[in-house]
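Engineer: Provided below: run04.cif, containing mmCIF, C-alpha atoms.
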data_entry
loop_
_atom_site.label_atom_id
_atom_site.label_comp_id
_atom_site.auth_asym_id
_atom_site.auth_seq_id
_atom_site.Cartn_x
_atom_site.Cartn_y
_atom_site.Cartn_z
CA MET A 1 -25.07 209.22 345.72
CA ASP A 2 -24.49 209.05 341.96
CA VAL A 3 -25.75 211.40 339.24
CA TYR A 4 -28.72 209.19 338.37
CA GLU A 5 -29.90 209.03 341.99
CA ALA A 6 -29.41 212.77 342.48
CA LEU A 7 -31.47 213.64 339.39
CA ALA A 8 -34.17 211.13 340.26
CA SER A 9 -34.49 212.49 343.81
CA GLY A 10 -34.15 216.18 342.93
CA THR A 11 -31.22 216.63 345.33
CA PRO A 12 -29.03 219.65 344.43
CA PHE A 13 -25.59 218.61 343.22
CA GLU A 14 -22.57 219.42 341.09
CA PRO A 15 -21.42 216.63 338.75
CA THR A 16 -17.77 215.62 339.02
CA THR A 17 -15.64 212.97 337.34
CA GLN A 18 -15.95 210.85 340.50
CA GLY A 19 -19.70 211.22 341.03
CA VAL A 20 -21.63 214.15 342.47
CA LEU A 21 -20.79 216.86 344.97
CA GLN A 22 -23.61 218.19 347.12
CA ARG A 23 -24.11 221.93 346.64
CA PRO A 24 -26.90 223.12 349.00
CA GLU A 25 -25.62 226.69 348.73
CA ILE A 26 -27.19 227.05 345.27
CA THR A 27 -30.48 227.64 347.07
CA ASP A 28 -29.06 230.94 348.37
CA PRO A 29 -30.84 233.58 346.20
CA ASP A 30 -27.80 235.86 346.41
CA ARG A 31 -25.59 233.24 344.73
CA GLY A 32 -27.82 230.93 342.73
CA HIS A 33 -31.44 229.97 342.16
CA PRO A 34 -33.85 228.25 344.60
CA ASP A 35 -35.07 225.74 341.97
CA ALA A 36 -31.64 224.72 340.66
CA VAL A 37 -30.72 221.06 341.10
CA ALA A 38 -27.38 220.97 339.27
CA VAL A 39 -24.38 223.20 338.75
CA VAL A 40 -22.59 222.34 335.49
CA ARG A 41 -19.28 223.93 334.61
CA THR A 42 -18.80 224.87 330.98
CA SER A 43 -15.77 223.27 329.32
CA GLY A 44 -13.62 226.38 329.60
CA SER A 45 -12.32 225.76 326.09
CA THR A 46 -12.14 229.51 325.46
CA GLY A 47 -11.21 230.78 328.91
CA THR A 48 -12.54 230.72 332.48
CA PRO A 49 -15.30 228.09 332.92
CA LYS A 50 -18.76 229.32 333.89
CA GLN A 51 -21.01 227.52 336.37
CA THR A 52 -24.47 227.02 334.91
CA LEU A 53 -27.53 226.52 337.12
CA LEU A 54 -29.90 223.87 335.74
CA THR A 55 -33.38 223.34 337.17
CA ALA A 56 -35.32 220.08 337.29
CA SER A 57 -38.00 221.54 335.02
CA ALA A 58 -35.40 222.58 332.42
CA LEU A 59 -33.77 219.14 332.38
CA THR A 60 -37.18 217.46 332.14
CA ALA A 61 -38.26 219.74 329.28
CA SER A 62 -35.03 218.98 327.41
CA ALA A 63 -35.44 215.21 327.85
CA GLN A 64 -39.08 215.28 326.75
CA ALA A 65 -38.39 217.43 323.68
CA THR A 66 -35.50 215.18 322.68
CA ALA A 67 -37.67 212.06 322.97
CA GLU A 68 -40.33 213.69 320.80
CA ARG A 69 -37.81 214.64 318.11
CA ILE A 70 -35.94 211.29 317.94
CA GLY A 71 -39.12 209.26 318.10
CA GLY A 72 -38.99 207.48 321.41
CA GLN A 73 -37.42 206.73 324.78
CA GLY A 74 -35.27 203.79 325.74
CA GLN A 75 -31.76 202.90 326.87
CA TRP A 76 -28.78 205.18 326.34
CA LEU A 77 -25.09 204.50 326.01
CA LEU A 78 -23.37 207.08 328.25
CA ALA A 79 -20.14 207.93 326.40
CA VAL A 80 -19.51 211.49 327.70
CA GLY A 81 -18.56 212.41 331.27
CA THR A 82 -21.45 213.50 333.47
CA GLN A 83 -19.51 216.57 334.58
CA TYR A 84 -20.43 217.94 331.13
CA VAL A 85 -23.94 218.77 330.06
CA ALA A 86 -23.96 216.20 327.22
CA GLY A 87 -23.39 213.42 329.72
CA LEU A 88 -25.76 214.87 332.30
CA ALA A 89 -28.46 215.13 329.62
CA VAL A 90 -28.09 211.41 328.85
CA VAL A 91 -28.64 210.61 332.54
CA SER A 92 -31.65 212.95 332.65
CA ARG A 93 -33.17 211.24 329.58
CA SER A 94 -32.56 207.86 331.22
CA VAL A 95 -34.36 209.00 334.38
CA GLN A 96 -37.32 210.10 332.25
CA ALA A 97 -37.33 206.78 330.40
CA GLU A 98 -36.89 204.84 333.67
CA THR A 99 -33.92 202.96 332.24
CA LEU A 100 -30.30 202.64 333.36
CA PRO A 101 -27.69 203.85 330.86
CA GLU A 102 -24.81 201.61 329.83
CA VAL A 103 -21.62 203.49 330.80
CA ILE A 104 -18.41 203.54 328.73
CA ASP A 105 -15.19 205.48 329.24
CA PRO A 106 -15.22 208.65 327.05
CA GLY A 107 -11.83 207.65 325.63
CA PHE A 108 -13.22 204.35 324.38
CA SER A 109 -11.75 202.34 321.52
CA PRO A 110 -13.94 201.05 318.65
CA GLU A 111 -13.81 197.61 320.28
CA ASP A 112 -15.05 199.05 323.60
CA PHE A 113 -17.90 200.80 321.78
CA ILE A 114 -18.92 197.63 319.94
CA ALA A 115 -18.95 195.61 323.17
CA ALA A 116 -20.95 198.27 325.04
CA THR A 117 -23.47 198.47 322.20
CA HIS A 118 -24.04 194.71 322.40
CA ARG A 119 -24.80 195.06 326.11
CA LEU A 120 -27.78 197.37 325.48
CA GLU A 121 -31.04 195.54 326.10
CA HIS A 122 -33.83 197.95 325.12
CA ASN A 123 -35.58 197.94 321.74
CA PHE A 124 -34.96 201.69 321.45
CA THR A 125 -31.29 202.58 321.89
CA ALA A 126 -29.52 205.92 321.65
CA VAL A 127 -26.08 207.44 322.10
CA SER A 128 -24.70 210.98 322.30
CA LEU A 129 -21.19 211.54 320.92
CA VAL A 130 -18.81 214.40 320.18
CA PRO A 131 -17.49 214.66 316.61
CA THR A 132 -14.03 213.34 317.51
CA GLN A 133 -15.52 210.14 318.96
CA LEU A 134 -17.78 209.55 315.98
CA THR A 135 -15.09 210.33 313.40
CA ARG A 136 -12.81 207.70 314.90
CA LEU A 137 -15.61 205.11 314.91
CA LEU A 138 -16.23 205.73 311.21
CA ASP A 139 -12.75 204.31 310.48
CA ASN A 140 -13.84 200.87 311.72
CA LYS A 141 -16.27 198.69 309.73
CA ARG A 142 -17.50 196.78 312.78
CA ALA A 143 -18.04 200.03 314.66
CA ILE A 144 -20.08 201.34 311.73
CA ALA A 145 -22.25 198.23 311.95
CA ALA A 146 -22.73 198.92 315.66
CA LEU A 147 -23.71 202.52 314.90
CA GLN A 148 -26.31 201.28 312.42
CA SER A 149 -28.07 199.40 315.22
CA TYR A 150 -28.95 202.59 317.13
CA SER A 151 -32.41 204.13 317.03
CA ALA A 152 -30.80 207.58 317.41
CA ILE A 153 -27.26 208.96 317.37
CA LEU A 154 -26.74 212.53 318.57
CA VAL A 155 -23.55 214.36 317.67
CA GLY A 156 -22.63 217.90 318.69
CA GLY A 157 -20.48 220.03 320.93
CA SER A 158 -18.18 221.35 318.20
CA ALA A 159 -18.02 221.82 314.43
CA ILE A 160 -19.30 218.83 312.45
CA PRO A 161 -16.79 217.68 309.80
CA GLU A 162 -18.12 216.63 306.40
CA ILE A 163 -17.09 213.02 306.94
CA ILE A 164 -19.91 212.80 309.50
CA THR A 165 -22.58 214.40 307.33
CA HIS A 166 -21.61 212.14 304.43
CA ALA A 167 -21.64 209.06 306.68
CA LYS A 168 -25.28 209.69 307.63
CA GLN A 169 -26.41 209.03 304.06
CA ARG A 170 -23.73 206.51 303.11
CA TYR A 171 -24.37 204.18 306.05
CA ASP A 172 -28.04 205.04 306.66
CA LEU A 173 -27.35 206.19 310.21
CA LYS A 174 -30.17 207.62 312.31
CA LEU A 175 -27.94 210.60 313.02
CA TYR A 176 -28.94 213.99 314.40
CA THR A 177 -26.48 216.90 314.44
CA THR A 178 -27.22 218.99 317.51
CA TYR A 179 -26.62 222.56 318.59
CA GLY A 180 -26.86 223.77 322.15
CA MET A 181 -24.80 224.33 325.27
CA SER A 182 -24.80 223.94 329.04
CA GLU A 183 -27.10 226.95 329.27
CA THR A 184 -29.81 225.08 327.31
CA CYS A 185 -29.39 221.65 328.98
CA GLY A 186 -27.53 220.50 325.88
CA GLY A 187 -28.75 220.39 322.30
CA CYS A 188 -31.97 222.27 321.57
CA VAL A 189 -31.62 222.52 317.77
CA TYR A 190 -31.44 219.23 315.82
CA ASP A 191 -30.43 219.20 312.16
CA GLY A 192 -31.05 222.94 312.02
CA ALA A 193 -34.60 222.69 313.41
CA PRO A 194 -35.47 223.83 316.96
CA LEU A 195 -36.84 221.20 319.32
CA PRO A 196 -40.54 221.46 320.27
CA GLY A 197 -41.07 224.53 322.41
CA VAL A 198 -37.81 226.20 321.34
CA THR A 199 -37.64 229.53 319.50
CA VAL A 200 -34.47 230.76 317.78
CA ASP A 201 -33.92 234.34 316.65
CA THR A 202 -31.01 236.76 316.31
CA VAL A 203 -29.88 240.03 317.87
CA GLU A 204 -27.61 242.39 315.92
CA HIS A 205 -24.13 242.68 317.42
CA ASN A 206 -21.31 244.66 315.77
CA GLY A 207 -22.54 243.86 312.28
CA VAL A 208 -23.31 240.16 312.84
CA GLU A 209 -26.46 238.36 313.95
CA ARG A 210 -26.04 236.92 317.44
CA ILE A 211 -28.08 233.77 318.15
CA ARG A 212 -30.72 233.86 320.91
CA LEU A 213 -32.45 230.72 322.22
CA THR A 214 -35.77 230.69 324.07
CA GLY A 215 -37.52 227.71 325.62
CA PRO A 216 -38.32 225.75 328.78
CA MET A 217 -34.87 224.09 328.83
CA VAL A 218 -33.01 227.40 329.28
CA ALA A 219 -30.96 227.46 332.50
CA ALA A 220 -31.69 229.66 335.51
CA GLY A 221 -28.42 231.59 335.14
CA TYR A 222 -24.86 231.36 336.44
CA PHE A 223 -23.87 230.41 339.96
CA ASP A 224 -22.55 233.31 342.02
CA ASP A 225 -22.37 235.66 338.99
CA PRO A 226 -25.44 237.93 338.77
CA GLU A 227 -23.74 240.33 336.35
CA LEU A 228 -23.00 237.64 333.76
CA THR A 229 -26.47 236.19 334.32
CA ALA A 230 -28.07 239.56 333.53
CA THR A 231 -25.98 239.84 330.34
CA HIS A 232 -27.08 236.50 328.89
CA PHE A 233 -30.43 235.52 330.46
CA HIS A 234 -33.75 237.34 330.18
CA ASN A 235 -37.33 236.05 330.49
CA GLY A 236 -36.58 232.47 329.49
CA SER A 237 -34.10 233.40 326.75
CA TYR A 238 -30.37 232.85 326.51
CA LEU A 239 -28.23 235.17 324.38
CA THR A 240 -25.38 233.04 323.06
CA ASP A 241 -21.86 233.99 322.01
CA ASP A 242 -22.49 232.50 318.54
CA TYR A 243 -23.55 234.20 315.35
CA GLY A 244 -25.54 232.83 312.44
CA THR A 245 -28.77 233.02 310.45
CA VAL A 246 -32.32 231.85 311.12
CA ASN A 247 -34.40 231.16 308.02
CA GLU A 248 -35.91 227.79 307.09
CA ILE A 249 -33.16 226.24 309.19
CA VAL A 250 -30.79 227.55 311.85
CA ARG A 251 -27.22 227.95 310.61
CA ILE A 252 -24.39 228.66 313.05
CA HIS A 253 -21.49 230.43 311.35
CA GLY A 254 -19.15 230.71 314.33
CA ARG A 255 -18.44 232.33 317.67
CA LEU A 256 -18.25 236.06 318.18
CA ASP A 257 -14.64 235.63 319.27
CA ASP A 258 -13.67 233.59 316.18
CA VAL A 259 -13.88 236.59 313.83
CA ILE A 260 -10.27 237.39 312.93
CA ASN A 261 -9.39 240.95 311.89
CA THR A 262 -6.29 240.50 309.75
CA GLY A 263 -4.93 243.52 307.93
CA GLY A 264 -8.30 245.27 308.26
CA VAL A 265 -10.23 242.35 306.71
CA LYS A 266 -12.56 240.25 308.86
CA VAL A 267 -12.48 236.49 308.25
CA SER A 268 -14.21 233.64 310.08
CA ALA A 269 -12.04 231.04 311.78
CA ALA A 270 -14.98 228.62 311.68
CA LYS A 271 -15.38 228.89 307.91
CA ILE A 272 -11.63 228.42 307.34
CA GLN A 273 -11.73 225.36 309.59
CA GLN A 274 -14.68 223.93 307.63
CA VAL A 275 -12.71 224.19 304.38
CA LEU A 276 -9.63 222.54 305.91
CA GLN A 277 -11.68 219.68 307.36
CA ARG A 278 -12.60 218.61 303.85
CA TRP A 279 -8.93 217.80 303.30
CA VAL A 280 -7.59 216.74 306.70
CA PRO A 281 -8.92 214.59 309.58
CA GLU A 282 -8.77 217.41 312.15
CA ALA A 283 -8.20 221.15 311.99
CA PHE A 284 -8.17 224.16 314.30
CA VAL A 285 -8.04 227.81 313.25
CA THR A 286 -7.64 230.95 315.33
CA GLY A 287 -6.16 234.45 315.25
CA VAL A 288 -2.95 235.34 317.06
CA ASN A 289 -1.94 238.93 317.83
CA ASP A 290 0.53 240.26 315.27
CA GLY A 291 2.35 243.61 315.12
CA HIS A 292 1.92 243.92 311.35
CA TRP A 293 -1.45 242.30 310.60
CA GLY A 294 -3.25 243.05 313.88
CA GLN A 295 -4.21 239.40 313.99
CA ARG A 296 -2.49 236.60 312.10
CA VAL A 297 -4.60 233.72 310.77
CA CYS A 298 -3.12 230.47 312.11
CA ALA A 299 -4.04 226.82 311.58
CA VAL A 300 -3.24 223.49 313.19
CA VAL A 301 -3.92 220.43 311.02
CA THR A 302 -3.45 216.69 311.13
CA GLY A 303 -2.97 214.31 308.22
CA THR A 304 -0.62 214.44 305.24
CA THR A 305 -2.30 216.79 302.74
CA ALA A 306 0.31 219.25 301.47
CA GLN A 307 0.20 222.78 302.88
CA HIS A 308 0.00 224.41 299.44
CA VAL A 309 -3.09 222.30 298.64
CA LEU A 310 -4.76 223.46 301.84
CA ALA A 311 -3.82 227.08 301.21
CA ASP A 312 -5.19 226.94 297.65
CA ALA A 313 -8.47 225.45 298.88
CA VAL A 314 -8.96 228.27 301.40
CA ARG A 315 -7.93 230.94 298.87
CA GLN A 316 -10.35 229.72 296.22
CA GLU A 317 -13.34 229.52 298.55
CA LEU A 318 -12.78 232.36 301.03
CA GLY A 319 -10.20 234.66 299.43
CA ALA A 320 -6.53 235.41 300.04
CA PRO A 321 -6.92 237.15 303.46
CA ALA A 322 -8.36 233.92 304.90
CA VAL A 323 -5.30 231.83 304.03
CA PRO A 324 -3.41 230.96 307.26
CA LYS A 325 -0.03 232.62 307.55
CA THR A 326 1.13 230.21 310.24
CA TRP A 327 0.74 226.44 309.96
CA LEU A 328 1.39 223.75 312.55
CA ARG A 329 1.01 220.02 311.84
CA LEU A 330 0.36 217.56 314.69
CA ASN A 331 -0.40 213.85 314.84
CA ALA A 332 -3.59 214.68 316.75
CA LEU A 333 -5.20 217.77 318.25
CA PRO A 334 -4.98 218.07 322.05
CA MET A 335 -8.47 217.59 323.44
CA LEU A 336 -10.34 218.46 326.61
CA GLU A 337 -12.07 215.68 328.54
CA ASN A 338 -15.35 216.38 326.73
CA GLY A 339 -13.80 215.80 323.29
CA LYS A 340 -13.54 219.46 322.30
CA PRO A 341 -10.23 220.85 320.99
CA ASP A 342 -8.13 222.45 323.72
CA ARG A 343 -8.25 225.96 322.29
CA LEU A 344 -6.00 227.51 324.92
CA THR A 345 -3.21 224.98 324.41
CA LEU A 346 -3.48 225.18 320.62
CA THR A 347 -3.46 228.98 320.65
CA HIS A 348 -0.38 228.95 322.87
CA LEU A 349 1.41 226.57 320.48
CA LEU A 350 0.57 228.81 317.51
CA ALA A 351 1.70 231.95 319.32
CA LYS A 352 5.09 230.30 319.88
CA GLU A 353 5.32 229.58 316.14
#
I'd like the structure from this file rewritten - as structure tokens, please.
Structural biologist:
Amino acid sequence: MDVYEALASGTPFEPTTQGVLQRPEITDPDRGHPDAVAVVRTSGSTGTPKQTLLTASALTASAQATAERIGGQGQWLLAVGTQYVAGLAVVSRSVQAETLPEVIDPGFSPEDFIAATHRLEHNFTAVSLVPTQLTRLLDNKRAIAALQSYSAILVGGSAIPEIITHAKQRYDLKLYTTYGMSETCGGCVYDGAPLPGVTVDTVEHNGVERIRLTGPMVAAGYFDDPELTATHFHNGSYLTDDYGTVNEIVRIHGRLDDVINTGGVKVSAAKIQQVLQRWVPEAFVTGVNDGHWGQRVCAVVTGTTAQHVLADAVRQELGAPAVPKTWLRLNALPMLENGKPDRLTLTHLLAKE
């Protein structure tokens, strides 16, 4: 049984890279939730992966809200593994649309993407990508032309570099930047605006505003972890590990664990990374324990822009404490299978520096 068949039939399963693994034990109320149909592991990019319980009603609500926001249903290009929520969401939307997705290896080349796009047969076509995938496509003129043919392009899962936001206007792409996670069946905020039925507010946490998401696509909790479930889930709401602001639009400033306390000054790794990504193709910023500073601001970058140029850019926009004290230059950032930077590997490399 594949993922599409499992979702269509409502059979409980856990997605894997090879297909699906039956998980009937999630119906045990002491370990899971009786209505859960899928167990999705989070990427584990920041530590031990969590196992998120998704119900059929939550997946359906997510698919319906997405269709309403992007203006239709049709055929999807599946470019993210179904063991991750972004890929599972594409299959769920395909089930709702009663279409079969065109499948492509997540490590596709621009040529693979172009060929797969030409195989799509529906008048309404859509694709969900991570920023790394989309950034690499934007280096190829024929791939850009293929992107322009889509009725909707979703991009999310990690910080969105400016090259992507600029490309939306420059190439007239029907592009939606998304924010969400496994615990919300994928993206539930598009271009800073909550999907229909979604409410976003904040809860104060150690001087920052922690993002809370409420809506019918919120998961049932975590498999076999009632304590963690009670910490994050309450009455249809999910308390995230991100902080930001909610005004006319939702702005995510970073993760709670990306605040670096260096020499008694708190700086945001996410904001430093955003500055660097204006100058280099890829960047990663984190804090490493340091006997003198408490935490040392460290950065990994790709590209050829001189270090002093990068340091000056950070200093001018965010102040001297935000300037990385340790720099590492790589040809490319190590990535997890879902296209997110491998934070644990990168942090280990920086600690060695």
Engineer: Written as number ranges by chain, what is the full residue list that the PyMOL selection byres ((chain A and resi 351) around 10) yields on the file shown?
Structural biologist: A: 287-290, 296, 298, 326, 345-350, 352-353
Engineer: Please, what distance in Å, to one decimal, runs between CA of Asp257 (chain A) and CA of Val297 (chain A)?
Structural biologist: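 Rounded to one decimal, the two atoms are 13.3 Å apart.
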Engineer: What does the distance between CA of Asn123 (chain A) and CA of Lys174 (chain A) come to in Å, to one decimal place?
Structural biologist: 14.6 Å
Engineer: Starting from the PyMOL selection byres ((chain A and resi 255) around 12), expand the selection into actual residues of this file and give them as a PDB file with C-alpha atoms, in the coordinates of the input.
Structural biologist:
ATOM      1  CA  THR A  46     -12.140 229.510 325.460  1.00  0.00           C
ATOM      2  CA  SER A 158     -18.180 221.350 318.200  1.00  0.00           C
ATOM      3  CA  ALA A 159     -18.020 221.820 314.430  1.00  0.00           C
ATOM      4  CA  HIS A 205     -24.130 242.680 317.420  1.00  0.00           C
ATOM      5  CA  VAL A 208     -23.310 240.160 312.840  1.00  0.00           C
ATOM      6  CA  GLU A 209     -26.460 238.360 313.950  1.00  0.00           C
ATOM      7  CA  ARG A 210     -26.040 236.920 317.440  1.00  0.00           C
ATOM      8  CA  ILE A 211     -28.080 233.770 318.150  1.00  0.00           C
ATOM      9  CA  THR A 240     -25.380 233.040 323.060  1.00  0.00           C
ATOM     10  CA  ASP A 241     -21.860 233.990 322.010  1.00  0.00           C
ATOM     11  CA  ASP A 242     -22.490 232.500 318.540  1.00  0.00           C
ATOM     12  CA  TYR A 243     -23.550 234.200 315.350  1.00  0.00           C
ATOM     13  CA  GLY A 244     -25.540 232.830 312.440  1.00  0.00           C
ATOM     14  CA  ILE A 252     -24.390 228.660 313.050  1.00  0.00           C
ATOM     15  CA  HIS A 253     -21.490 230.430 311.350  1.00  0.00           C
ATOM     16  CA  GLY A 254     -19.150 230.710 314.330  1.00  0.00           C
ATOM     17  CA  LEU A 256     -18.250 236.060 318.180  1.00  0.00           C
ATOM     18  CA  ASP A 257     -14.640 235.630 319.270  1.00  0.00           C
ATOM     19  CA  ASP A 258     -13.670 233.590 316.180  1.00  0.00           C
ATOM     20  CA  VAL A 259     -13.880 236.590 313.830  1.00  0.00           C
ATOM     21  CA  ILE A 260     -10.270 237.390 312.930  1.00  0.00           C
ATOM     22  CA  VAL A 267     -12.480 236.490 308.250  1.00  0.00           C
ATOM     23  CA  SER A 268     -14.210 233.640 310.080  1.00  0.00           C
ATOM     24  CA  ALA A 269     -12.040 231.040 311.780  1.00  0.00           C
ATOM     25  CA  ALA A 270     -14.980 228.620 311.680  1.00  0.00           C
ATOM     26  CA  LYS A 271     -15.380 228.890 307.910  1.00  0.00           C
ATOM     27  CA  THR A 286      -7.640 230.950 315.330  1.00  0.00           C
TER      28      THR A 286
END
Engineer: Quick one: distance from CA of Lys168 (chain A) to CA of Tyr150 (chain A) in Å, one decimal?
Structural biologist: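 CA of Tyr150 (chain A) lies 12.4 Å from CA of Lys168 (chain A).
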Engineer: Quick one: of A:Leu120, A:Ala6, A:Leu134, A:Val218, who's nearest to Thr165 (chain A), counting only C-alpha atoms?
Structural biologist: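 For Thr165 (chain A), the nearest of the given residues is A:Leu134.
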Engineer: To verify the selection step, state as JSON, numbers by chain which residues the PyMOL selection byres ((chain A and resi 279-281) around 12) yields on this input.
Structural biologist: {"A": [131, 132, 135, 136, 138, 139, 160, 161, 162, 163, 164, 272, 273, 274, 275, 276, 277, 278, 282, 283, 284, 299, 300, 301, 302, 303, 304, 305, 306, 307, 308, 309, 310, 311, 312, 313, 314, 329, 330, 331, 332, 333]}
Engineer: Write the residues of the selection above to a file with C-alpha atoms, as a PDB file, keeping the file's coordinate frame.
Structural biologist:
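And here is the file that came out, part_18.pdb:
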ATOM      1  CA  PRO A 131     -17.490 214.660 316.610  1.00  0.00           C
ATOM      2  CA  THR A 132     -14.030 213.340 317.510  1.00  0.00           C
ATOM      3  CA  THR A 135     -15.090 210.330 313.400  1.00  0.00           C
ATOM      4  CA  ARG A 136     -12.810 207.700 314.900  1.00  0.00           C
ATOM      5  CA  LEU A 138     -16.230 205.730 311.210  1.00  0.00           C
ATOM      6  CA  ASP A 139     -12.750 204.310 310.480  1.00  0.00           C
ATOM      7  CA  ILE A 160     -19.300 218.830 312.450  1.00  0.00           C
ATOM      8  CA  PRO A 161     -16.790 217.680 309.800  1.00  0.00           C
ATOM      9  CA  GLU A 162     -18.120 216.630 306.400  1.00  0.00           C
ATOM     10  CA  ILE A 163     -17.090 213.020 306.940  1.00  0.00           C
ATOM     11  CA  ILE A 164     -19.910 212.800 309.500  1.00  0.00           C
ATOM     12  CA  ILE A 272     -11.630 228.420 307.340  1.00  0.00           C
ATOM     13  CA  GLN A 273     -11.730 225.360 309.590  1.00  0.00           C
ATOM     14  CA  GLN A 274     -14.680 223.930 307.630  1.00  0.00           C
ATOM     15  CA  VAL A 275     -12.710 224.190 304.380  1.00  0.00           C
ATOM     16  CA  LEU A 276      -9.630 222.540 305.910  1.00  0.00           C
ATOM     17  CA  GLN A 277     -11.680 219.680 307.360  1.00  0.00           C
ATOM     18  CA  ARG A 278     -12.600 218.610 303.850  1.00  0.00           C
ATOM     19  CA  GLU A 282      -8.770 217.410 312.150  1.00  0.00           C
ATOM     20  CA  ALA A 283      -8.200 221.150 311.990  1.00  0.00           C
ATOM     21  CA  PHE A 284      -8.170 224.160 314.300  1.00  0.00           C
ATOM     22  CA  ALA A 299      -4.040 226.820 311.580  1.00  0.00           C
ATOM     23  CA  VAL A 300      -3.240 223.490 313.190  1.00  0.00           C
ATOM     24  CA  VAL A 301      -3.920 220.430 311.020  1.00  0.00           C
ATOM     25  CA  THR A 302      -3.450 216.690 311.130  1.00  0.00           C
ATOM     26  CA  GLY A 303      -2.970 214.310 308.220  1.00  0.00           C
ATOM     27  CA  THR A 304      -0.620 214.440 305.240  1.00  0.00           C
ATOM     28  CA  THR A 305      -2.300 216.790 302.740  1.00  0.00           C
ATOM     29  CA  ALA A 306       0.310 219.250 301.470  1.00  0.00           C
ATOM     30  CA  GLN A 307       0.200 222.780 302.880  1.00  0.00           C
ATOM     31  CA  HIS A 308       0.000 224.410 299.440  1.00  0.00           C
ATOM     32  CA  VAL A 309      -3.090 222.300 298.640  1.00  0.00           C
ATOM     33  CA  LEU A 310      -4.760 223.460 301.840  1.00  0.00           C
ATOM     34  CA  ALA A 311      -3.820 227.080 301.210  1.00  0.00           C
ATOM     35  CA  ASP A 312      -5.190 226.940 297.650  1.00  0.00           C
ATOM     36  CA  ALA A 313      -8.470 225.450 298.880  1.00  0.00           C
ATOM     37  CA  VAL A 314      -8.960 228.270 301.400  1.00  0.00           C
ATOM     38  CA  ARG A 329       1.010 220.020 311.840  1.00  0.00           C
ATOM     39  CA  LEU A 330       0.360 217.560 314.690  1.00  0.00           C
ATOM     40  CA  ASN A 331      -0.400 213.850 314.840  1.00  0.00           C
ATOM     41  CA  ALA A 332      -3.590 214.680 316.750  1.00  0.00           C
ATOM     42  CA  LEU A 333      -5.200 217.770 318.250  1.00  0.00           C
TER      43      LEU A 333
END
Engineer: Given the choices A:Ala146, A:Pro196, A:Thr214, A:Asp172, which gets closest to Arg119 (chain A) if the distance is worked out from all atoms listed in the file?
Structural biologist: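 Distance minimum relative to Arg119 (chain A) lands on A:Ala146.
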